[in-house]
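A short worksheet on the structure shown next.
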Amino acid sequence: MFGIRLNETRKSKGFTAQQMADSLCITLRTYRNYESERSYPDFEKLINIADKLDVSIDYLLCRDEFLAKNADVH
């Protein structure tokens, strides 16, 4: 789910995969591997991705629905 969420968010913000790779100082291949879930960013890169896309890490990791659901329980 991370890769799908990353791809959809990137596109909705108007960034190309190359622009994301450049801003993260990684190769396009590495970035595309994140979107295809062949590999995952380290914690520092994940923070940078979230900052660049102006979303939370929880959103990128598809935990936003989980957190919202559990907020109603408490």
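Chains: A, B, ... in order of the structure tokens. Residues: from 1 per chain. Ligands: from 1, in order shown.
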
_Test item: residues at most 9 Å from Tyr34 of chain A, only C-alpha atoms, excluding those fewer than 5 positions along its chain, as a list of chain:residue names_ = A:Phe2, A:Gly3, A:Leu6, A:Arg29, A:Ser39, A:Tyr40, A:Pro41

Deliver the residues from the most recent selection as a file, using C-alpha atoms, as a CSV table (one decimal), in the first residue's frame.
chain,number,residue,atom,x,y,z
A,2,PHE,CA,2.9,2.4,0.7
A,3,GLY,CA,3.9,2.4,-3.0
A,6,LEU,CA,3.3,7.4,-2.6
A,29,ARG,CA,15.5,3.8,-10.2
A,39,SER,CA,12.5,-1.5,-1.7
A,40,TYR,CA,11.6,1.0,1.0
A,41,PRO,CA,13.2,4.3,2.1

*asked:* Among chain A, which residues does DSSP mark as alpha helix (DSSP H) when it is run on the backbone? Keep the chain and numbering as in the structure and answer as a ChimeraX atom specification.
replied: /A:2-12,17-24,28-35,43-53,57-60,64-73

*Mind checking which residues fall within 9 Å of Gln18 of chain A, counting only C-alpha atoms, ignoring those fewer than 6 positions away in the same chain, and posting them as a list in words?*
Thr27, Leu28 and Tyr31 of chain A

_Can you tell me which residues surround Cys62 of chain A at a distance of at most 12 Å, considering only C-alpha atoms, apart from same-chain residues fewer than 3 positions away, and format the answer as a PyMOL selection string?_
chain A and resi 1-6+9+55-59+65-68

*Can you list, as a PyMOL selection string, every protein, DNA or RNA residue that comes within 10 Å of Leu46 of chain A when you count only C-alpha atoms, leaving out same-chain residues fewer than 2 positions away?*
chain A and resi 24+40-44+48-52+56-57+60-61

May I have the residues within 9 Å of Asn7 of chain A as a CSV table (one decimal) with C-alpha atoms, in the first residue's frame, using only C-alpha atoms and disregarding those fewer than 5 positions away in the same chain?
chain,number,residue,atom,x,y,z
A,2,PHE,CA,2.9,2.4,0.7
A,12,SER,CA,-1.7,14.8,-6.9
A,17,ALA,CA,9.2,10.8,-10.2
A,35,GLU,CA,6.7,3.2,-5.6
A,36,SER,CA,6.8,-0.4,-6.8

*Grab the atom CA of Asp64 of chain A to atom CA of Arg10 of chain A distance for me, in Å with one decimal place.*
17.2 Å

_Gap from atom CA of Arg63 of chain A to atom CA of Ser23 of chain A - Å, one decimal_ = 24.6 Å
